[in-house]
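Trainee: Got upload15.pdb for you, PDB, C-alpha atoms:
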ATOM      1  CA  MET A   1      78.179  94.273  60.166
ATOM      2  CA  SER A   2      80.919  95.850  62.274
ATOM      3  CA  ARG A   3      81.320  94.509  65.794
ATOM      4  CA  PRO A   4      80.233  96.627  68.792
ATOM      5  CA  LYS A   5      82.925  98.527  70.715
ATOM      6  CA  LEU A   6      83.416  99.459  74.336
ATOM      7  CA  ALA A   7      84.390 103.054  74.976
ATOM      8  CA  ARG A   8      85.816 102.750  78.472
ATOM      9  CA  LEU A   9      85.580 101.435  81.989
ATOM     10  CA  GLY A  10      82.577 103.202  83.487
ATOM     11  CA  HIS A  11      81.978 102.254  87.110
ATOM     12  CA  VAL A  12      82.324  99.658  89.852
ATOM     13  CA  ALA A  13      79.489  98.529  92.159
ATOM     14  CA  LEU A  14      80.742  97.542  95.617
ATOM     15  CA  GLU A  15      78.948  96.084  98.631
ATOM     16  CA  THR A  16      79.455  96.756 102.346
ATOM     17  CA  PRO A  17      77.816  95.532 105.568
ATOM     18  CA  ASP A  18      77.776  99.092 106.965
ATOM     19  CA  LEU A  19      77.155 101.896 104.491
ATOM     20  CA  ASP A  20      77.857 104.781 106.846
ATOM     21  CA  GLU A  21      81.112 103.288 108.084
ATOM     22  CA  SER A  22      82.364 102.675 104.544
ATOM     23  CA  MET A  23      81.402 106.208 103.567
ATOM     24  CA  THR A  24      83.938 107.486 106.095
ATOM     25  CA  PHE A  25      86.539 105.880 103.830
ATOM     26  CA  PHE A  26      85.188 106.483 100.324
ATOM     27  CA  HIS A  27      83.745 109.960 100.931
ATOM     28  CA  ASP A  28      85.457 111.486 103.962
ATOM     29  CA  ALA A  29      88.963 110.071 103.427
ATOM     30  CA  ILE A  30      89.261 109.367  99.687
ATOM     31  CA  GLY A  31      87.160 112.358  98.650
ATOM     32  CA  LEU A  32      84.626 110.811  96.256
ATOM     33  CA  GLU A  33      81.558 113.035  95.902
ATOM     34  CA  GLU A  34      78.126 111.777  96.925
ATOM     35  CA  VAL A  35      75.716 112.334  94.035
ATOM     36  CA  THR A  36      72.629 110.760  95.572
ATOM     37  CA  ARG A  37      71.438 107.745  97.560
ATOM     38  CA  GLU A  38      68.415 105.497  97.293
ATOM     39  CA  GLY A  39      67.366 102.138  98.681
ATOM     40  CA  GLY A  40      70.555 101.425 100.582
ATOM     41  CA  THR A  41      72.852 102.470  97.717
ATOM     42  CA  VAL A  42      75.058 105.557  97.549
ATOM     43  CA  TYR A  43      76.157 106.817  94.131
ATOM     44  CA  LEU A  44      79.600 108.436  94.027
ATOM     45  CA  ARG A  45      81.813 110.132  91.459
ATOM     46  CA  ALA A  46      85.253 111.706  91.434
ATOM     47  CA  ALA A  47      85.893 115.453  91.461
ATOM     48  CA  ASP A  48      86.329 115.852  87.704
ATOM     49  CA  GLU A  49      83.710 113.379  86.471
ATOM     50  CA  PHE A  50      80.614 114.600  84.628
ATOM     51  CA  GLU A  51      78.861 111.198  84.618
ATOM     52  CA  HIS A  52      76.314 110.326  87.297
ATOM     53  CA  HIS A  53      78.591 107.853  89.107
ATOM     54  CA  SER A  54      81.768 105.842  88.794
ATOM     55  CA  LEU A  55      81.334 103.890  92.033
ATOM     56  CA  THR A  56      78.359 102.698  94.051
ATOM     57  CA  LEU A  57      78.188 101.380  97.605
ATOM     58  CA  THR A  58      75.282  99.132  98.554
ATOM     59  CA  GLU A  59      74.590  97.875 102.060
ATOM     60  CA  THR A  60      74.419  94.068 102.082
ATOM     61  CA  ASP A  61      75.183  91.269 104.547
ATOM     62  CA  SER A  62      78.898  91.198 103.706
ATOM     63  CA  ALA A  63      81.552  92.924 101.604
ATOM     64  CA  GLY A  64      81.542  92.083  97.920
ATOM     65  CA  VAL A  65      81.574  93.300  94.328
ATOM     66  CA  ASP A  66      78.278  93.333  92.458
ATOM     67  CA  HIS A  67      79.583  94.248  89.001
ATOM     68  CA  ILE A  68      82.046  96.167  86.853
ATOM     69  CA  GLY A  69      80.378  98.532  84.359
ATOM     70  CA  TRP A  70      81.581  99.186  80.807
ATOM     71  CA  GLN A  71      80.232 101.934  78.538
ATOM     72  CA  THR A  72      79.756 101.387  74.811
ATOM     73  CA  ARG A  73      80.612 103.877  72.085
ATOM     74  CA  LYS A  74      77.088 104.006  70.644
ATOM     75  CA  PRO A  75      73.635 103.429  72.199
ATOM     76  CA  GLU A  76      72.657 100.624  69.817
ATOM     77  CA  GLN A  77      75.741  98.643  70.784
ATOM     78  CA  VAL A  78      74.219  97.525  74.102
ATOM     79  CA  ALA A  79      71.739  95.365  72.190
ATOM     80  CA  GLU A  80      74.482  94.298  69.785
ATOM     81  CA  TYR A  81      76.563  93.086  72.705
ATOM     82  CA  ALA A  82      73.518  91.228  74.041
ATOM     83  CA  ASP A  83      73.259  89.340  70.741
ATOM     84  CA  LEU A  84      77.031  88.763  70.560
ATOM     85  CA  LEU A  85      77.237  87.404  74.096
ATOM     86  CA  THR A  86      74.205  85.168  73.552
ATOM     87  CA  ASP A  87      75.878  83.773  70.414
ATOM     88  CA  HIS A  88      78.896  82.925  72.592
ATOM     89  CA  GLY A  89      76.701  81.028  75.035
ATOM     90  CA  VAL A  90      76.679  83.686  77.759
ATOM     91  CA  ASP A  91      73.489  84.203  79.767
ATOM     92  CA  ILE A  92      72.548  87.880  79.996
ATOM     93  CA  THR A  93      70.106  89.807  82.154
ATOM     94  CA  TRP A  94      68.586  93.091  80.990
ATOM     95  CA  VAL A  95      68.620  95.978  83.476
ATOM     96  CA  ASP A  96      65.886  98.514  82.804
ATOM     97  CA  ASP A  97      66.487 102.235  82.392
ATOM     98  CA  GLY A  98      66.726 103.803  85.850
ATOM     99  CA  GLU A  99      67.038 100.562  87.817
ATOM    100  CA  GLU A 100      70.598 101.705  88.462
ATOM    101  CA  LEU A 101      70.082 105.418  89.079
ATOM    102  CA  GLY A 102      71.376 107.712  86.364
ATOM    103  CA  GLN A 103      71.865 104.865  83.898
ATOM    104  CA  GLY A 104      69.918 103.749  80.855
ATOM    105  CA  ASP A 105      69.157 100.208  79.675
ATOM    106  CA  ALA A 106      71.994  97.773  80.357
ATOM    107  CA  ILE A 107      72.906  94.106  80.282
ATOM    108  CA  ARG A 108      74.615  92.114  83.021
ATOM    109  CA  PHE A 109      76.455  88.814  82.698
ATOM    110  CA  GLN A 110      79.361  86.906  84.159
ATOM    111  CA  THR A 111      82.483  85.293  82.748
ATOM    112  CA  GLU A 112      83.074  81.568  83.103
ATOM    113  CA  ASN A 113      84.873  81.950  86.443
ATOM    114  CA  GLY A 114      82.513  84.557  87.863
ATOM    115  CA  HIS A 115      83.573  88.116  87.017
ATOM    116  CA  GLN A 116      80.354  90.145  87.033
ATOM    117  CA  PHE A 117      80.161  92.661  84.159
ATOM    118  CA  GLU A 118      77.629  95.223  82.998
ATOM    119  CA  ILE A 119      77.426  96.979  79.618
ATOM    120  CA  TYR A 120      75.505 100.217  79.136
ATOM    121  CA  TYR A 121      75.624 103.405  77.092
ATOM    122  CA  GLU A 122      73.428 106.109  78.592
ATOM    123  CA  MET A 123      74.542 107.832  81.772
ATOM    124  CA  GLU A 124      73.152 111.104  83.122
ATOM    125  CA  LYS A 125      75.436 114.072  83.783
ATOM    126  CA  PRO A 126      73.871 115.820  86.787
ATOM    127  CA  ASP A 127      75.054 119.191  88.040
ATOM    128  CA  PRO A 128      76.575 119.302  91.515
ATOM    129  CA  PRO A 129      74.898 121.447  94.191
ATOM    130  CA  GLU A 130      75.158 125.128  93.304
ATOM    131  CA  GLU A 131      77.495 125.862  96.208
ATOM    132  CA  ARG A 132      79.893 123.097  95.052
ATOM    133  CA  ARG A 133      79.843 123.886  91.328
ATOM    134  CA  SER A 134      82.939 125.204  89.582
ATOM    135  CA  ARG A 135      82.652 128.466  87.649
ATOM    136  CA  LEU A 136      84.509 126.759  84.799
ATOM    137  CA  LYS A 137      82.142 124.979  82.425
ATOM    138  CA  ASN A 138      84.707 122.248  81.791
ATOM    139  CA  ARG A 139      85.126 121.396  85.487
ATOM    140  CA  VAL A 140      82.466 119.911  87.754
ATOM    141  CA  TYR A 141      83.283 120.679  91.400
ATOM    142  CA  THR A 142      85.065 123.772  92.638
ATOM    143  CA  PRO A 143      88.445 122.760  94.100
ATOM    144  CA  THR A 144      88.022 125.313  96.904
ATOM    145  CA  LYS A 145      85.330 123.093  98.493
ATOM    146  CA  THR A 146      86.683 119.679  97.515
ATOM    147  CA  ASN A 147      88.703 117.240  99.587
ATOM    148  CA  PRO A 148      92.303 118.289  98.793
ATOM    149  CA  ILE A 149      93.375 114.725  97.915
ATOM    150  CA  ALA A 150      90.217 113.901  95.927
ATOM    151  CA  PRO A 151      91.080 111.924  92.756
ATOM    152  CA  GLN A 152      89.955 113.162  89.344
ATOM    153  CA  HIS A 153      88.341 110.211  87.544
ATOM    154  CA  ILE A 154      88.176 106.424  87.433
ATOM    155  CA  ASP A 155      91.223 104.889  85.792
ATOM    156  CA  HIS A 156      91.220 101.073  85.865
ATOM    157  CA  VAL A 157      90.356  97.947  87.814
ATOM    158  CA  GLN A 158      92.444  94.926  88.736
ATOM    159  CA  ILE A 159      90.791  91.507  88.770
ATOM    160  CA  TRP A 160      92.281  88.132  89.749
ATOM    161  CA  GLU A 161      91.574  84.990  87.777
ATOM    162  CA  PRO A 162      92.710  81.324  87.769
ATOM    163  CA  ASP A 163      93.027  81.139  83.956
ATOM    164  CA  ILE A 164      94.119  84.559  82.780
ATOM    165  CA  VAL A 165      95.146  83.461  79.277
ATOM    166  CA  GLU A 166      91.649  82.174  78.598
ATOM    167  CA  LEU A 167      89.999  85.246  80.128
ATOM    168  CA  SER A 168      92.327  87.672  78.337
ATOM    169  CA  GLU A 169      91.595  86.033  75.003
ATOM    170  CA  TRP A 170      87.865  86.154  75.784
ATOM    171  CA  LEU A 171      88.074  89.863  76.641
ATOM    172  CA  GLN A 172      89.773  90.439  73.288
ATOM    173  CA  ASP A 173      87.647  88.161  71.115
ATOM    174  CA  VAL A 174      84.214  88.904  72.617
ATOM    175  CA  LEU A 175      84.381  92.335  74.271
ATOM    176  CA  GLY A 176      87.011  93.756  71.896
ATOM    177  CA  LEU A 177      89.629  94.880  74.431
ATOM    178  CA  GLU A 178      93.238  95.361  73.324
ATOM    179  CA  VAL A 179      96.277  93.896  75.106
ATOM    180  CA  ILE A 180      98.795  96.595  76.077
ATOM    181  CA  GLU A 181     101.325  94.540  78.080
ATOM    182  CA  TYR A 182     101.630  91.024  79.462
ATOM    183  CA  TYR A 183     103.969  89.256  81.888
ATOM    184  CA  ASN A 184     105.069  85.596  81.851
ATOM    185  CA  LEU A 185     106.819  83.689  84.634
ATOM    186  CA  GLU A 186     110.017  81.691  84.061
ATOM    187  CA  ASP A 187     108.026  78.489  83.512
ATOM    188  CA  GLY A 188     106.158  80.184  80.656
ATOM    189  CA  SER A 189     102.865  80.584  82.514
ATOM    190  CA  ARG A 190     101.058  83.900  82.361
ATOM    191  CA  TRP A 191     101.085  86.021  85.523
ATOM    192  CA  GLY A 192      99.358  89.176  84.269
ATOM    193  CA  THR A 193      97.739  90.837  81.253
ATOM    194  CA  TRP A 194      96.931  94.548  80.955
ATOM    195  CA  LEU A 195      94.131  95.458  78.535
ATOM    196  CA  SER A 196      92.474  98.605  77.219
ATOM    197  CA  ALA A 197      88.930  99.291  76.082
ATOM    198  CA  SER A 198      89.489 102.977  75.407
ATOM    199  CA  GLY A 199      92.508 102.391  73.146
ATOM    200  CA  PHE A 200      94.872 104.785  74.887
ATOM    201  CA  LYS A 201      95.283 103.554  78.468
ATOM    202  CA  ILE A 202      94.932 100.450  80.595
ATOM    203  CA  ASP A 203      91.354  99.808  81.729
ATOM    204  CA  VAL A 204      91.730  96.388  83.344
ATOM    205  CA  ALA A 205      94.632  94.356  84.726
ATOM    206  CA  VAL A 206      94.019  90.594  84.889
ATOM    207  CA  ILE A 207      96.297  88.862  87.417
ATOM    208  CA  HIS A 208      96.758  85.126  88.013
ATOM    209  CA  ASP A 209      95.336  83.636  91.204
ATOM    210  CA  ASP A 210      95.272  79.960  92.186
ATOM    211  CA  ALA A 211      91.770  80.272  93.622
ATOM    212  CA  GLU A 212      89.086  78.432  91.683
ATOM    213  CA  THR A 213      86.855  81.482  91.285
ATOM    214  CA  ALA A 214      87.328  85.079  90.237
ATOM    215  CA  THR A 215      88.110  87.798  92.766
ATOM    216  CA  PHE A 216      88.501  91.569  92.705
ATOM    217  CA  ASN A 217      91.611  93.426  93.909
ATOM    218  CA  HIS A 218      91.130  97.182  93.481
ATOM    219  CA  THR A 219      89.645 100.191  91.734
ATOM    220  CA  ALA A 220      92.090 102.887  90.606
ATOM    221  CA  TYR A 221      91.408 106.612  90.354
ATOM    222  CA  THR A 222      93.643 109.169  88.651
ATOM    223  CA  VAL A 223      95.293 112.085  90.434
ATOM    224  CA  ASP A 224      96.892 115.128  88.807
ATOM    225  CA  ASN A 225     100.533 114.366  89.554
ATOM    226  CA  SER A 226     102.925 112.262  91.597
ATOM    227  CA  ASN A 227     103.038 114.745  94.479
ATOM    228  CA  ASP A 228      99.344 114.024  95.097
ATOM    229  CA  LEU A 229     100.283 110.428  95.920
ATOM    230  CA  PHE A 230     102.409 111.559  98.861
ATOM    231  CA  ASP A 231      99.603 113.838 100.052
ATOM    232  CA  ALA A 232      97.173 110.905  99.831
ATOM    233  CA  TYR A 233      99.574 108.669 101.750
ATOM    234  CA  ASP A 234      99.941 111.296 104.454
ATOM    235  CA  ALA A 235      96.171 111.834 104.670
ATOM    236  CA  MET A 236      95.520 108.093 105.032
ATOM    237  CA  LYS A 237      98.099 107.797 107.809
ATOM    238  CA  GLU A 238      96.514 110.752 109.628
ATOM    239  CA  ARG A 239      93.189 108.885 109.600
ATOM    240  CA  GLU A 240      94.822 105.562 110.561
ATOM    241  CA  ILE A 241      93.583 103.982 107.335
ATOM    242  CA  PRO A 242      95.486 100.922 106.039
ATOM    243  CA  VAL A 243      97.956 101.814 103.264
ATOM    244  CA  ASP A 244      99.236  98.958 101.097
ATOM    245  CA  GLY A 245     102.081 100.762  99.395
ATOM    246  CA  LEU A 246     103.544 103.803  97.708
ATOM    247  CA  GLY A 247     105.769 103.548  94.649
ATOM    248  CA  GLN A 248     105.848 102.845  90.921
ATOM    249  CA  HIS A 249     105.017  99.869  88.711
ATOM    250  CA  SER A 250     107.476  99.039  85.961
ATOM    251  CA  ILE A 251     104.603  97.612  83.922
ATOM    252  CA  SER A 252     102.504 100.622  82.801
ATOM    253  CA  ARG A 253     105.027 102.907  84.570
ATOM    254  CA  GLY A 254     102.186 104.101  86.793
ATOM    255  CA  LYS A 255     102.981 105.578  90.184
ATOM    256  CA  PHE A 256     100.630 104.539  92.983
ATOM    257  CA  CYS A 257      99.366 104.804  96.520
ATOM    258  CA  TYR A 258      96.990 102.083  97.750
ATOM    259  CA  ALA A 259      94.533 102.545 100.613
ATOM    260  CA  ARG A 260      91.928 100.164 102.025
ATOM    261  CA  ASP A 261      88.523 100.508 103.638
ATOM    262  CA  PRO A 262      89.194  99.033 107.106
ATOM    263  CA  LEU A 263      85.698  97.532 107.247
ATOM    264  CA  THR A 264      85.424  95.765 103.894
ATOM    265  CA  GLY A 265      88.950  95.481 102.503
ATOM    266  CA  HIS A 266      87.862  97.329  99.352
ATOM    267  CA  ARG A 267      91.026  98.901  97.981
ATOM    268  CA  ILE A 268      91.387 102.222  96.167
ATOM    269  CA  GLU A 269      94.517 103.045  94.201
ATOM    270  CA  PHE A 270      95.517 106.666  93.739
ATOM    271  CA  SER A 271      97.288 106.559  90.354
ATOM    272  CA  ASP A 272      99.080 108.991  88.098
ATOM    273  CA  SER A 273      97.801 106.785  85.213
ATOM    274  CA  GLY A 274     101.172 105.859  83.676
ATOM    275  CA  TYR A 275     101.683 106.272  79.945
ATOM    276  CA  PHE A 276      99.191 106.561  77.089
ATOM    277  CA  VAL A 277      99.000 104.385  73.983
ATOM    278  CA  LEU A 278      97.951 106.305  70.878
ATOM    279  CA  ASP A 279      99.477 104.002  68.249
ATOM    280  CA  PRO A 280      96.697 102.328  66.203
ATOM    281  CA  ASP A 281      99.093  99.481  65.353
ATOM    282  CA  TRP A 282     100.250  98.857  68.918
ATOM    283  CA  GLU A 283     102.187  95.649  69.480
ATOM    284  CA  PRO A 284     101.692  94.310  73.026
ATOM    285  CA  ILE A 285     104.792  94.558  75.202
ATOM    286  CA  ALA A 286     105.900  91.103  76.341
ATOM    287  CA  TRP A 287     107.665  90.724  79.693
ATOM    288  CA  ASN A 288     109.376  87.680  81.170
ATOM    289  CA  GLU A 289     110.034  87.230  84.867
ATOM    290  CA  THR A 290     113.797  87.725  84.457
ATOM    291  CA  ASP A 291     113.370  91.005  82.552
ATOM    292  CA  LEU A 292     112.390  93.033  85.591
ATOM    293  CA  GLU A 293     114.172  91.268  88.473
ATOM    294  CA  ASP A 294     113.887  93.815  91.304
ATOM    295  CA  ARG A 295     112.199  96.463  89.108
ATOM    296  CA  GLN A 296     108.668  95.094  89.064
ATOM    297  CA  TRP A 297     107.860  97.210  92.128
ATOM    298  CA  MET A 298     109.741 100.383  92.948
ATOM    299  CA  GLY A 299     108.707 101.279  96.470
ATOM    300  CA  GLY A 300     106.516  99.203  98.741
ATOM    301  CA  PHE A 301     103.391  97.165  97.963
ATOM    302  CA  ASP A 302     101.459  94.603  99.975
ATOM    303  CA  GLY A 303      98.118  94.186  98.288
ATOM    304  CA  LEU A 304      97.405  90.479  98.179
ATOM    305  CA  GLU A 305      93.926  90.607  99.711
ATOM    306  CA  THR A 306      91.015  90.361  97.304
ATOM    307  CA  VAL A 307      87.229  90.623  97.610
ATOM    308  CA  ASP A 308      84.748  88.093  96.228
ATOM    309  CA  TYR A 309      81.960  88.830  93.781
TER     310      TYR A 309
END
Can you turn what I pasted into structure tokens?
Mentor:
Amino acid sequence: MSRPKLARLGHVALETPDLDESMTFFHDAIGLEEVTREGGTVYLRAADEFEHHSLTLTETDSAGVDHIGWQTRKPEQVAEYADLLTDHGVDITWVDDGEELGQGDAIRFQTENGHQFEIYYEMEKPDPPEERRSRLKNRVYTPTKTNPIAPQHIDHVQIWEPDIVELSEWLQDVLGLEVIEYYNLEDGSRWGTWLSASGFKIDVAVIHDDAETATFNHTAYTVDNSNDLFDAYDAMKEREIPVDGLGQHSISRGKFCYARDPLTGHRIEFSDSGYFVLDPDWEPIAWNETDLEDRQWMGGFDGLETVDY
């Protein structure tokens, strides 16, 4: 029997001690659209997303990350992943259809060091309010009534991990992700691995951290072009929102602007998404610390803070 496959990164579930205050960042400043809210959770999506949500905010005692959601390629693969993970000794919890609004049956589990993952297939595609709907059938929200810096769709997440070689191999062997690039320090230790579920772009970056448990660094959303990054930077500064950098990564070649919710520290990256990998026989690009020297970051970046699960 063929192994189940993930289609893509689907959503991120974040936690905040003050929902309304965090919404001034995620909705008012960043421009994510509110789809609905229920029971202390707001469901959000980007301007060009058809799916019910790509980010949720839930009011809890403190800031945190509840889970990272991955969508499968076929509905039956949720159960197949449940069996596969159980065979690998991973405890799973079933999430019933509708328990997370807009989403069908799902499974939740955590990696050895504590990254919280969810796997699902079904996700509703609700229409926006009539007055916000685009006249184009292949676009969701009309740009005339959308935040001018609103990103288009979820792009990737960055997670930090004490043993990234072990986790990267686990993500490949169990979940079926593909390594796109990786970066080793001069002593031969691994500093970062960039992996794809979708097969043509990076869905998750796994970065080394000396902490004993897993932490979460940021969620990235795609913008149309590099000029949008400067507009986002300007808009954040106008609102006195912390900005952690504007520039370009050499790895993935993605241009970026990072902004942070002042209340929780949750970070959003505006990204132009870098390059695409369409080669079915892709060989991972190997980097050593001396390869990049002063080219690892072009521009400024100061994003060392992470948030716990």
Trainee: Within 7 Å of Glu49 of chain A, counting all atoms listed in the file, which residues qualify if same-chain residues fewer than 3 places away don't, as a ChimeraX atom specification?
Mentor: /A:45-46,140,152-153
Trainee: Fewer than 4 positions away in the same chain doesn't count, so skip those; otherwise give me all residues within 9 Å of segment 126-138 of chain A, counting all atoms listed in the file, as number ranges by chain.
Mentor: A: 35, 48, 50-52, 102, 142-146
Trainee: Can you list, as a VMD selection string, every protein, DNA or RNA residue that comes within 8 Å of Thr56 of chain A when you count all atoms listed in the file, leaving out same-chain residues fewer than 4 positions away?
Mentor: chain A and resid 11 to 14 41 to 44
Trainee: Which residues are near Gly274 of chain A? Cut-off 12 Å, all atoms listed in the file, ignore same chain within fewer than 2 positions. Put them as a list in words.
Mentor: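 Surrounding residues, per the criterion: Asp155, His156, Phe200, Lys201, Ile202, Asp203, Ala220, Tyr221, Thr222, Val223, Asp224, Asn225, Ser226, Gln248, His249, Ser250, Ile251, Ser252, Arg253, Gly254, Lys255, Phe256, Phe270, Ser271, Asp272, Phe276 and Val277 of chain A.
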Trainee: Counting all atoms listed in the file, which of A:Asn227, A:Thr264, A:Thr111, A:Thr306 gets nearest to Met23 of chain A?
Mentor: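 Using all atoms listed in the file, the shortest distance to Met23 of chain A belongs to A:Thr264.
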Trainee: As a list in words, please: the residues near Leu101 of chain A (cut-off 9 Å, only C-alpha atoms, same-chain neighbours under 6 positions excluded).
Mentor: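 The filter keeps Thr36, Arg37, Glu38, Tyr43, His52, His53, Met123 and Glu124 of chain A.
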Trainee: Using only C-alpha atoms, which of the listed residues (A:Asp209, A:Glu178, A:Glu161, A:Asp231) sits closest to Glu283 of chain A?
Mentor: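 Ranked by minimum distance to Glu283 of chain A, first place goes to A:Glu178.
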Trainee: Starting from the shown file, work through the PyMOL selection byres ((chain A and resi 85-93) around 9) and note down what comes out as a list in words.
Mentor: Glu80, Tyr81, Ala82, Asp83, Leu84, Trp94, Val95, Ala106, Ile107, Arg108, Phe109, Gln110, Thr111, Glu112, Val174 and Leu175 of chain A
Trainee: Calculate how many Å separate atom CA of Ser2 of chain A from atom CA of Gln77 of chain A, rounding to one decimal.
Mentor: 10.3 Å
